[in-house]
$ cat run_24.txt   # compact mmCIF, C-alpha atoms
# COMPACT_ATOMS: atom_id res chain seq x y z
CA MET A 1 -170.12 37.83 234.83
CA ALA A 2 -169.81 34.46 236.57
CA SER A 3 -171.55 32.68 233.69
CA SER A 4 -169.18 34.28 231.19
CA VAL A 5 -166.15 33.14 233.19
CA LEU A 6 -167.56 29.63 233.46
CA GLY A 7 -168.31 29.59 229.75
CA PHE A 8 -164.77 30.70 228.95
CA GLY A 9 -163.44 27.99 231.23
CA ARG A 10 -165.49 25.32 229.46
CA THR A 11 -164.23 26.58 226.11
CA VAL A 12 -160.61 26.41 227.28
CA ARG A 13 -161.19 22.92 228.66
CA LEU A 14 -162.66 21.75 225.36
CA GLY A 15 -159.81 23.41 223.47
CA VAL A 16 -157.20 21.59 225.57
CA ARG A 17 -158.99 18.24 225.68
CA THR A 18 -159.89 17.93 221.99
CA PRO A 19 -156.37 17.98 220.45
CA VAL A 20 -155.13 15.60 223.16
CA ILE A 21 -157.91 13.15 222.32
CA ALA A 22 -157.33 13.55 218.58
CA LEU A 23 -153.59 12.93 218.92
CA ALA A 24 -154.12 9.92 221.19
CA ASP A 25 -156.66 8.41 218.77
CA ILE A 26 -154.39 9.00 215.77
CA VAL A 27 -151.48 7.30 217.52
CA GLY A 28 -153.74 4.50 218.72
CA GLY A 29 -155.36 4.00 215.32
CA ARG A 30 -158.86 4.83 216.58
CA PHE A 31 -159.28 8.23 214.96
CA PRO A 32 -162.30 8.48 212.60
CA PHE A 33 -160.39 9.59 209.50
CA ARG A 34 -163.43 9.08 207.28
CA GLU A 35 -165.46 11.56 209.31
CA ALA A 36 -162.59 14.07 209.26
CA ILE A 37 -162.26 13.76 205.47
CA VAL A 38 -166.01 14.21 205.01
CA GLN A 39 -165.99 17.30 207.22
CA ALA A 40 -162.93 18.75 205.46
CA TRP A 41 -164.54 18.26 202.06
CA PHE A 42 -167.73 19.88 203.33
CA LEU A 43 -165.83 22.89 204.67
CA LEU A 44 -163.98 23.27 201.38
CA SER A 45 -167.22 23.02 199.41
CA ILE A 46 -168.79 25.92 201.32
CA THR A 47 -165.71 28.16 201.52
CA VAL A 48 -163.72 27.82 198.28
CA LEU A 49 -166.09 29.81 196.06
CA PRO A 50 -166.56 32.63 198.62
CA ALA A 51 -162.76 32.66 199.04
CA LEU A 52 -162.31 33.20 195.31
CA LEU A 53 -164.98 35.89 195.24
CA MET A 54 -163.38 37.62 198.23
CA ALA A 55 -159.77 37.36 197.06
CA VAL A 56 -160.27 39.08 193.69
CA PRO A 57 -161.78 42.36 194.97
CA PHE A 58 -159.39 42.28 197.93
CA GLY A 59 -156.39 42.14 195.63
CA VAL A 60 -157.85 44.88 193.45
CA ILE A 61 -158.56 47.16 196.42
CA VAL A 62 -155.05 46.68 197.81
CA SER A 63 -153.53 47.39 194.41
CA VAL A 64 -155.60 50.55 193.87
CA GLN A 65 -154.92 51.96 197.32
CA ILE A 66 -151.23 51.09 197.37
CA GLY A 67 -150.79 52.07 193.72
CA GLY A 68 -152.14 55.57 194.34
CA LEU A 69 -149.88 56.02 197.36
CA THR A 70 -146.72 54.72 195.68
CA SER A 71 -147.46 56.80 192.59
CA ASN A 72 -147.71 59.99 194.64
CA LEU A 73 -144.42 59.14 196.35
CA GLY A 74 -142.72 58.20 193.09
CA ALA A 75 -142.13 54.64 194.21
CA THR A 76 -144.28 52.60 191.86
CA SER A 77 -141.63 49.88 191.81
CA MET A 78 -142.55 49.09 195.44
CA ALA A 79 -146.16 48.25 194.62
CA GLY A 80 -145.44 44.52 194.55
CA ALA A 81 -143.69 44.55 197.92
CA VAL A 82 -146.35 46.53 199.76
CA GLY A 83 -149.30 44.77 198.14
CA GLY A 84 -147.83 41.30 198.54
CA MET A 85 -146.84 41.81 202.16
CA GLY A 86 -150.28 43.14 203.00
CA VAL A 87 -151.99 40.14 201.46
CA ILE A 88 -149.68 37.53 202.98
CA GLN A 89 -149.32 38.96 206.47
CA GLN A 90 -152.83 40.25 207.11
CA GLY A 91 -155.30 39.81 204.28
CA ALA A 92 -155.15 36.07 203.64
CA PRO A 93 -155.32 34.80 207.25
CA MET A 94 -158.06 37.25 208.20
CA ALA A 95 -160.09 36.42 205.09
CA ALA A 96 -159.74 32.73 205.93
CA ALA A 97 -160.84 33.47 209.51
CA LEU A 98 -163.91 35.35 208.28
CA LEU A 99 -164.90 32.50 205.97
CA LEU A 100 -164.31 29.78 208.54
CA GLY A 101 -165.89 31.85 211.29
CA GLY A 102 -168.94 32.51 209.13
CA ALA A 103 -169.66 29.48 206.99
CA GLY A 104 -167.65 26.90 208.92
CA ALA A 105 -168.62 27.86 212.46
CA SER A 106 -172.30 28.21 211.59
CA ALA A 107 -172.36 24.74 210.00
CA ILE A 108 -170.60 23.09 212.96
CA ALA A 109 -172.68 24.88 215.59
CA ALA A 110 -175.92 24.10 213.73
CA ASP A 111 -175.04 20.42 213.35
CA LEU A 112 -173.97 19.88 216.95
CA GLY A 113 -176.75 22.10 218.28
CA ALA A 114 -179.40 20.10 216.40
CA ARG A 115 -177.93 16.88 217.76
CA THR A 116 -177.98 18.34 221.27
CA VAL A 117 -181.61 19.51 221.26
CA ARG A 118 -182.67 16.15 219.78
CA GLU A 119 -180.89 14.55 222.75
CA GLU A 120 -178.52 12.62 220.50
CA ILE A 121 -175.54 13.87 222.52
CA ASP A 122 -177.12 12.60 225.75
CA ALA A 123 -177.84 9.27 224.08
CA MET A 124 -174.19 8.99 223.03
CA ARG A 125 -173.05 9.61 226.59
CA VAL A 126 -175.48 6.97 227.89
CA LEU A 127 -173.99 4.49 225.42
CA GLY A 128 -170.50 5.33 226.64
CA ILE A 129 -169.49 7.30 223.51
CA ASP A 130 -167.58 10.51 224.10
CA PRO A 131 -169.07 13.27 221.88
CA THR A 132 -165.73 15.10 221.93
CA ARG A 133 -163.94 12.05 220.55
CA ARG A 134 -166.62 11.12 218.02
CA LEU A 135 -167.83 14.53 216.81
CA VAL A 136 -165.59 17.40 217.89
CA ALA A 137 -162.13 15.94 217.22
CA PRO A 138 -162.77 15.11 213.51
CA ARG A 139 -164.19 18.58 212.93
CA MET A 140 -161.20 20.17 214.63
CA VAL A 141 -158.76 18.23 212.45
CA ALA A 142 -160.78 19.10 209.34
CA MET A 143 -160.83 22.79 210.21
CA VAL A 144 -157.10 23.09 210.89
CA LEU A 145 -156.39 21.31 207.59
CA VAL A 146 -158.74 23.49 205.55
CA ALA A 147 -157.63 26.84 207.03
CA PRO A 148 -154.10 26.87 205.49
CA VAL A 149 -155.49 25.70 202.15
CA LEU A 150 -157.87 28.65 202.08
CA SER A 151 -155.08 31.05 203.03
CA ILE A 152 -152.84 29.84 200.19
CA LEU A 153 -155.71 30.01 197.73
CA ILE A 154 -156.52 33.58 198.79
CA ILE A 155 -152.85 34.60 198.53
CA VAL A 156 -152.52 33.26 194.99
CA ILE A 157 -155.75 34.82 193.70
CA ALA A 158 -155.32 38.17 195.50
CA ILE A 159 -151.73 38.66 194.35
CA ALA A 160 -152.67 37.70 190.79
CA ALA A 161 -155.47 40.28 190.86
CA SER A 162 -153.17 42.90 192.38
CA PHE A 163 -150.49 42.20 189.77
CA THR A 164 -152.99 42.49 186.91
CA VAL A 165 -154.37 45.81 188.12
CA SER A 166 -150.89 47.22 188.82
CA VAL A 167 -149.50 46.29 185.41
CA VAL A 168 -152.56 46.91 183.23
CA GLY A 169 -154.21 49.78 185.07
CA GLN A 170 -151.35 51.62 186.73
CA GLY A 171 -148.45 51.10 184.36
CA VAL A 172 -146.20 49.27 186.80
CA VAL A 173 -143.48 47.26 185.08
CA SER A 174 -144.13 43.57 185.66
CA GLY A 175 -140.47 42.83 186.39
CA SER A 176 -140.21 45.52 189.05
CA TYR A 177 -143.44 44.27 190.66
CA TRP A 178 -142.11 40.75 191.12
CA GLN A 179 -138.62 41.97 192.03
CA SER A 180 -139.91 44.13 194.87
CA PHE A 181 -142.28 41.38 195.95
CA GLY A 182 -139.44 38.86 196.07
CA SER A 183 -137.16 41.28 197.91
CA TYR A 184 -139.49 41.68 200.88
CA ALA A 185 -141.70 38.59 200.97
CA SER A 186 -140.10 35.50 202.47
CA THR A 187 -140.94 32.00 203.57
CA THR A 188 -141.12 33.34 207.13
CA ASP A 189 -144.05 35.56 206.15
CA LEU A 190 -145.79 32.59 204.55
CA ALA A 191 -145.14 30.46 207.64
CA ILE A 192 -146.61 33.16 209.89
CA CYS A 193 -149.65 33.36 207.62
CA LEU A 194 -150.20 29.61 207.84
CA ILE A 195 -149.70 29.59 211.60
CA LYS A 196 -152.25 32.38 211.94
CA SER A 197 -154.78 30.47 209.84
CA LEU A 198 -154.21 27.32 211.92
CA VAL A 199 -154.76 29.23 215.16
CA PHE A 200 -157.87 30.97 213.81
CA GLY A 201 -159.33 27.69 212.54
CA PHE A 202 -158.68 25.98 215.87
CA VAL A 203 -160.27 28.78 217.89
CA VAL A 204 -163.29 28.96 215.58
CA VAL A 205 -164.00 25.23 215.73
CA VAL A 206 -163.62 25.06 219.53
CA ILE A 207 -166.02 27.97 220.06
CA ALA A 208 -168.52 26.57 217.55
CA ALA A 209 -168.36 23.09 219.08
CA ARG A 210 -168.83 24.34 222.62
CA ARG A 211 -171.80 26.50 221.63
CA GLY A 212 -173.36 23.64 219.69
CA LEU A 213 -172.93 21.10 222.50
CA GLU A 214 -174.52 23.50 225.00
CA ALA A 215 -177.50 24.52 222.84
CA SER A 216 -180.89 24.28 224.49
CA GLY A 217 -184.46 25.39 223.91
CA GLY A 218 -185.24 23.82 220.55
CA ALA A 219 -184.79 25.58 217.23
CA ARG A 220 -184.46 28.98 218.92
CA GLY A 221 -181.60 27.67 221.02
CA VAL A 222 -179.81 26.29 217.96
CA ALA A 223 -180.16 29.65 216.18
CA ASP A 224 -178.75 31.47 219.22
CA ALA A 225 -175.83 29.02 219.38
CA VAL A 226 -175.04 29.56 215.70
CA ASN A 227 -175.17 33.34 216.05
CA ALA A 228 -172.94 33.31 219.12
CA ALA A 229 -170.46 30.91 217.48
CA VAL A 230 -170.08 33.13 214.40
CA VAL A 231 -169.71 36.40 216.32
CA LEU A 232 -167.37 35.06 219.00
CA GLY A 233 -165.25 33.12 216.49
CA ILE A 234 -164.65 36.15 214.29
CA VAL A 235 -164.02 38.52 217.21
CA ALA A 236 -161.61 36.05 218.83
CA SER A 237 -159.74 35.69 215.53
CA MET A 238 -159.37 39.46 215.20
CA VAL A 239 -158.06 39.80 218.75
CA LEU A 240 -155.61 36.95 218.23
CA ASN A 241 -154.48 38.52 214.94
CA VAL A 242 -153.53 41.72 216.76
CA ILE A 243 -151.62 39.77 219.40
CA ILE A 244 -149.76 37.55 216.91
CA THR A 245 -148.95 40.54 214.70
CA GLN A 246 -147.47 42.47 217.62
CA VAL A 247 -145.41 39.48 218.75
CA THR A 248 -144.07 38.70 215.28
CA THR A 249 -143.28 42.35 214.59
CA LEU A 250 -141.35 42.54 217.85
CA PHE A 251 -139.29 39.38 217.35
CA ILE A 252 -139.20 38.98 213.55
CA PRO A 253 -138.48 42.36 211.89
CA VAL A 254 -138.94 42.83 208.16
CA GLN A 255 -135.83 41.92 206.22
CA VAL A 256 -134.92 42.73 202.64
CA ILE A 257 -133.65 39.71 200.76

$ encode --input "run_24.txt" --output "structure tokens"
Amino acid sequence: MASSVLGFGRTVRLGVRTPVIALADIVGGRFPFREAIVQAWFLLSITVLPALLMAVPFGVIVSVQIGGLTSNLGATSMAGAVGGMGVIQQGAPMAAALLLGGAGASAIAADLGARTVREEIDAMRVLGIDPTRRLVAPRMVAMVLVAPVLSILIIVIAIAASFTVSVVGQGVVSGSYWQSFGSYASTTDLAICLIKSLVFGFVVVVIAARRGLEASGGARGVADAVNAAVVLGIVASMVLNVIITQVTTLFIPVQVI
């Protein structure tokens, strides 16, 4: 119990310290932008294709389930509203969290964990180089930049798949689909989706970095750090999604445009 509390405290400390360091370095002109760009490109390269492969069946499943329900209720014109809202508010940010928590967190934890067990992190500290400033901050910036991009990509692909299935397979009129979608979806929903993805990306990278920097015991220790980073990152994202959803539902009710 005590070790878990201490571990949570170290994670919170890293999560508070890293953005402060990143912001100070950006203002001071010392931030390693090249490293952040490299990490962002790497994250995109390992998540874009899985995002596409995940978004298509997700949009199809939503369309089939919602289409059957709206058809039974005689409200097929609402298929666009229900499907679009489901994708924007819940599907896209959670899919982005799963991808970043799986592929992204494992890559970051493995990289930092390998550096730790090879004593590269200790060598950096001996040389007076802060590993948080040199390694964690660029990866945090890269993750919070990539997360909204993935969410938008998933939204576009999933809604396109949902629209195709609704119109071609379920006989929904294309005009009514987009009209209902436009009546309920708003820029506020998109903003909430992007905020969720930013929060999820930040939490995932902090957990992965902390696990990687504290890896020990050789290759076995790195593998344990990667496993813990993936599981904890995804679970934390799901818990935060419930909290953010409850708060936004309480203070920002659905409005028909």

$ closest_residue --input "run_24.txt" --among "A:Val235, A:Leu14, A:Ile244, A:Ala110" --to "Val136 in chain A" --atoms "all atoms listed in the file"
A:Leu14

$ residues_around --input "run_24.txt" --residues "Phe163 in chain A" --least-positions-apart "3" --cutoff "10 Å" --atoms "only C-alpha atoms" --output "list in words"
Gly59, Val60, Ser63, Ala79, Gly80, Gly83, Gly84, Ile157, Ala158, Ile159, Ala160, Ser166, Val167, Val168, Gly169, Gln170, Val172, Val173, Ser174, Tyr177 and Trp178 of chain A

$ residues_around --input "run_24.txt" --residues "range 88-95 of chain A" --least-positions-apart "3" --cutoff "9 Å" --atoms "all atoms listed in the file" --output "PDB file with C-alpha atoms, keeping the file's coordinate frame"
ATOM      1  CA  ALA A  51    -162.760  32.660 199.040  1.00  0.00           C
ATOM      2  CA  MET A  54    -163.380  37.620 198.230  1.00  0.00           C
ATOM      3  CA  ALA A  55    -159.770  37.360 197.060  1.00  0.00           C
ATOM      4  CA  PHE A  58    -159.390  42.280 197.930  1.00  0.00           C
ATOM      5  CA  GLY A  83    -149.300  44.770 198.140  1.00  0.00           C
ATOM      6  CA  GLY A  84    -147.830  41.300 198.540  1.00  0.00           C
ATOM      7  CA  MET A  85    -146.840  41.810 202.160  1.00  0.00           C
ATOM      8  CA  LEU A  98    -163.910  35.350 208.280  1.00  0.00           C
ATOM      9  CA  LEU A  99    -164.900  32.500 205.970  1.00  0.00           C
ATOM     10  CA  LEU A 100    -164.310  29.780 208.540  1.00  0.00           C
ATOM     11  CA  ALA A 147    -157.630  26.840 207.030  1.00  0.00           C
ATOM     12  CA  PRO A 148    -154.100  26.870 205.490  1.00  0.00           C
ATOM     13  CA  LEU A 150    -157.870  28.650 202.080  1.00  0.00           C
ATOM     14  CA  SER A 151    -155.080  31.050 203.030  1.00  0.00           C
ATOM     15  CA  ILE A 152    -152.840  29.840 200.190  1.00  0.00           C
ATOM     16  CA  LEU A 153    -155.710  30.010 197.730  1.00  0.00           C
ATOM     17  CA  ILE A 154    -156.520  33.580 198.790  1.00  0.00           C
ATOM     18  CA  ILE A 155    -152.850  34.600 198.530  1.00  0.00           C
ATOM     19  CA  ALA A 158    -155.320  38.170 195.500  1.00  0.00           C
ATOM     20  CA  ILE A 159    -151.730  38.660 194.350  1.00  0.00           C
ATOM     21  CA  ALA A 185    -141.700  38.590 200.970  1.00  0.00           C
ATOM     22  CA  ASP A 189    -144.050  35.560 206.150  1.00  0.00           C
ATOM     23  CA  LEU A 190    -145.790  32.590 204.550  1.00  0.00           C
ATOM     24  CA  ILE A 192    -146.610  33.160 209.890  1.00  0.00           C
ATOM     25  CA  CYS A 193    -149.650  33.360 207.620  1.00  0.00           C
ATOM     26  CA  LEU A 194    -150.200  29.610 207.840  1.00  0.00           C
ATOM     27  CA  ILE A 195    -149.700  29.590 211.600  1.00  0.00           C
ATOM     28  CA  LYS A 196    -152.250  32.380 211.940  1.00  0.00           C
ATOM     29  CA  SER A 197    -154.780  30.470 209.840  1.00  0.00           C
ATOM     30  CA  LEU A 198    -154.210  27.320 211.920  1.00  0.00           C
ATOM     31  CA  PHE A 200    -157.870  30.970 213.810  1.00  0.00           C
ATOM     32  CA  SER A 237    -159.740  35.690 215.530  1.00  0.00           C
ATOM     33  CA  MET A 238    -159.370  39.460 215.200  1.00  0.00           C
ATOM     34  CA  ASN A 241    -154.480  38.520 214.940  1.00  0.00           C
ATOM     35  CA  THR A 245    -148.950  40.540 214.700  1.00  0.00           C
TER      36      THR A 245
END

$ closest_residue --input "run_24.txt" --among "A:Leu250, A:Leu240, A:Ile234, A:Leu135" --to "Ala36 in chain A" --atoms "all atoms listed in the file"
A:Leu135

$ residues_around --input "run_24.txt" --residues "range 38-42 of chain A" --least-positions-apart "6" --cutoff "10 Å" --atoms "only C-alpha atoms" --output "list of chain:residue names"
A:Gly104, A:Ala107, A:Ile108, A:Pro138, A:Arg139, A:Met140, A:Val141, A:Ala142, A:Met143, A:Val144, A:Leu145, A:Val146, A:Ala147

$ decode --input "run_24.txt" --residues "range 111-137 of chain A" --atoms "N, CA and C atoms" --output "PDB file, in the first residue's frame"
ATOM      1  N   ASP A 111      11.770   2.502 -24.417  1.00  0.00           N
ATOM      2  CA  ASP A 111      12.941   3.325 -24.701  1.00  0.00           C
ATOM      3  C   ASP A 111      13.591   3.831 -23.415  1.00  0.00           C
ATOM      4  N   LEU A 112      12.791   4.440 -22.550  1.00  0.00           N
ATOM      5  CA  LEU A 112      13.346   4.969 -21.305  1.00  0.00           C
ATOM      6  C   LEU A 112      13.804   3.852 -20.371  1.00  0.00           C
ATOM      7  N   GLY A 113      13.072   2.731 -20.366  1.00  0.00           N
ATOM      8  CA  GLY A 113      13.482   1.613 -19.528  1.00  0.00           C
ATOM      9  C   GLY A 113      14.812   1.031 -19.965  1.00  0.00           C
ATOM     10  N   ALA A 114      15.015   0.896 -21.279  1.00  0.00           N
ATOM     11  CA  ALA A 114      16.298   0.392 -21.783  1.00  0.00           C
ATOM     12  C   ALA A 114      17.435   1.347 -21.429  1.00  0.00           C
ATOM     13  N   ARG A 115      17.178   2.642 -21.533  1.00  0.00           N
ATOM     14  CA  ARG A 115      18.198   3.620 -21.147  1.00  0.00           C
ATOM     15  C   ARG A 115      18.513   3.525 -19.652  1.00  0.00           C
ATOM     16  N   THR A 116      17.466   3.257 -18.854  1.00  0.00           N
ATOM     17  CA  THR A 116      17.671   3.185 -17.407  1.00  0.00           C
ATOM     18  C   THR A 116      18.501   1.975 -17.017  1.00  0.00           C
ATOM     19  N   VAL A 117      18.171   0.799 -17.548  1.00  0.00           N
ATOM     20  CA  VAL A 117      18.902  -0.415 -17.156  1.00  0.00           C
ATOM     21  C   VAL A 117      20.322  -0.416 -17.720  1.00  0.00           C
ATOM     22  N   ARG A 118      20.560   0.340 -18.802  1.00  0.00           N
ATOM     23  CA  ARG A 118      21.925   0.484 -19.317  1.00  0.00           C
ATOM     24  C   ARG A 118      22.692   1.597 -18.603  1.00  0.00           C
ATOM     25  N   GLU A 119      22.045   2.180 -17.597  1.00  0.00           N
ATOM     26  CA  GLU A 119      22.635   3.232 -16.760  1.00  0.00           C
ATOM     27  C   GLU A 119      22.911   4.517 -17.534  1.00  0.00           C
ATOM     28  N   GLU A 120      22.216   4.709 -18.656  1.00  0.00           N
ATOM     29  CA  GLU A 120      22.365   5.961 -19.388  1.00  0.00           C
ATOM     30  C   GLU A 120      21.729   7.120 -18.617  1.00  0.00           C
ATOM     31  N   ILE A 121      20.632   6.854 -17.924  1.00  0.00           N
ATOM     32  CA  ILE A 121      19.962   7.901 -17.152  1.00  0.00           C
ATOM     33  C   ILE A 121      20.866   8.361 -16.008  1.00  0.00           C
ATOM     34  N   ASP A 122      21.514   7.412 -15.331  1.00  0.00           N
ATOM     35  CA  ASP A 122      22.446   7.779 -14.265  1.00  0.00           C
ATOM     36  C   ASP A 122      23.620   8.569 -14.820  1.00  0.00           C
ATOM     37  N   ALA A 123      24.098   8.184 -15.986  1.00  0.00           N
ATOM     38  CA  ALA A 123      25.212   8.916 -16.607  1.00  0.00           C
ATOM     39  C   ALA A 123      24.799  10.347 -16.948  1.00  0.00           C
ATOM     40  N   MET A 124      23.571  10.531 -17.414  1.00  0.00           N
ATOM     41  CA  MET A 124      23.088  11.878 -17.706  1.00  0.00           C
ATOM     42  C   MET A 124      23.042  12.727 -16.443  1.00  0.00           C
ATOM     43  N   ARG A 125      22.593  12.145 -15.349  1.00  0.00           N
ATOM     44  CA  ARG A 125      22.535  12.899 -14.099  1.00  0.00           C
ATOM     45  C   ARG A 125      23.934  13.265 -13.614  1.00  0.00           C
ATOM     46  N   VAL A 126      24.883  12.350 -13.781  1.00  0.00           N
ATOM     47  CA  VAL A 126      26.266  12.639 -13.391  1.00  0.00           C
ATOM     48  C   VAL A 126      26.820  13.800 -14.198  1.00  0.00           C
ATOM     49  N   LEU A 127      26.458  13.876 -15.470  1.00  0.00           N
ATOM     50  CA  LEU A 127      26.915  14.958 -16.338  1.00  0.00           C
ATOM     51  C   LEU A 127      26.141  16.256 -16.141  1.00  0.00           C
ATOM     52  N   GLY A 128      25.169  16.226 -15.234  1.00  0.00           N
ATOM     53  CA  GLY A 128      24.393  17.434 -14.971  1.00  0.00           C
ATOM     54  C   GLY A 128      23.246  17.648 -15.926  1.00  0.00           C
ATOM     55  N   ILE A 129      22.824  16.608 -16.665  1.00  0.00           N
ATOM     56  CA  ILE A 129      21.713  16.700 -17.616  1.00  0.00           C
ATOM     57  C   ILE A 129      20.468  16.125 -16.960  1.00  0.00           C
ATOM     58  N   ASP A 130      19.412  16.891 -16.948  1.00  0.00           N
ATOM     59  CA  ASP A 130      18.150  16.459 -16.349  1.00  0.00           C
ATOM     60  C   ASP A 130      17.411  15.555 -17.338  1.00  0.00           C
ATOM     61  N   PRO A 131      17.202  14.273 -17.008  1.00  0.00           N
ATOM     62  CA  PRO A 131      16.485  13.378 -17.930  1.00  0.00           C
ATOM     63  C   PRO A 131      15.057  13.853 -18.231  1.00  0.00           C
ATOM     64  N   THR A 132      14.422  14.500 -17.256  1.00  0.00           N
ATOM     65  CA  THR A 132      13.074  15.009 -17.493  1.00  0.00           C
ATOM     66  C   THR A 132      13.088  16.079 -18.578  1.00  0.00           C
ATOM     67  N   ARG A 133      14.075  16.966 -18.509  1.00  0.00           N
ATOM     68  CA  ARG A 133      14.172  18.040 -19.500  1.00  0.00           C
ATOM     69  C   ARG A 133      14.592  17.489 -20.861  1.00  0.00           C
ATOM     70  N   ARG A 134      15.499  16.561 -20.891  1.00  0.00           N
ATOM     71  CA  ARG A 134      16.064  16.097 -22.161  1.00  0.00           C
ATOM     72  C   ARG A 134      15.238  15.014 -22.828  1.00  0.00           C
ATOM     73  N   LEU A 135      14.579  14.145 -22.032  1.00  0.00           N
ATOM     74  CA  LEU A 135      13.893  12.987 -22.607  1.00  0.00           C
ATOM     75  C   LEU A 135      12.377  13.017 -22.425  1.00  0.00           C
ATOM     76  N   VAL A 136      11.915  13.367 -21.229  1.00  0.00           N
ATOM     77  CA  VAL A 136      10.486  13.263 -20.949  1.00  0.00           C
ATOM     78  C   VAL A 136       9.704  14.422 -21.571  1.00  0.00           C
ATOM     79  N   ALA A 137      10.204  15.644 -21.427  1.00  0.00           N
ATOM     80  CA  ALA A 137       9.474  16.812 -21.930  1.00  0.00           C
ATOM     81  C   ALA A 137       9.205  16.744 -23.434  1.00  0.00           C
TER      82      ALA A 137
END
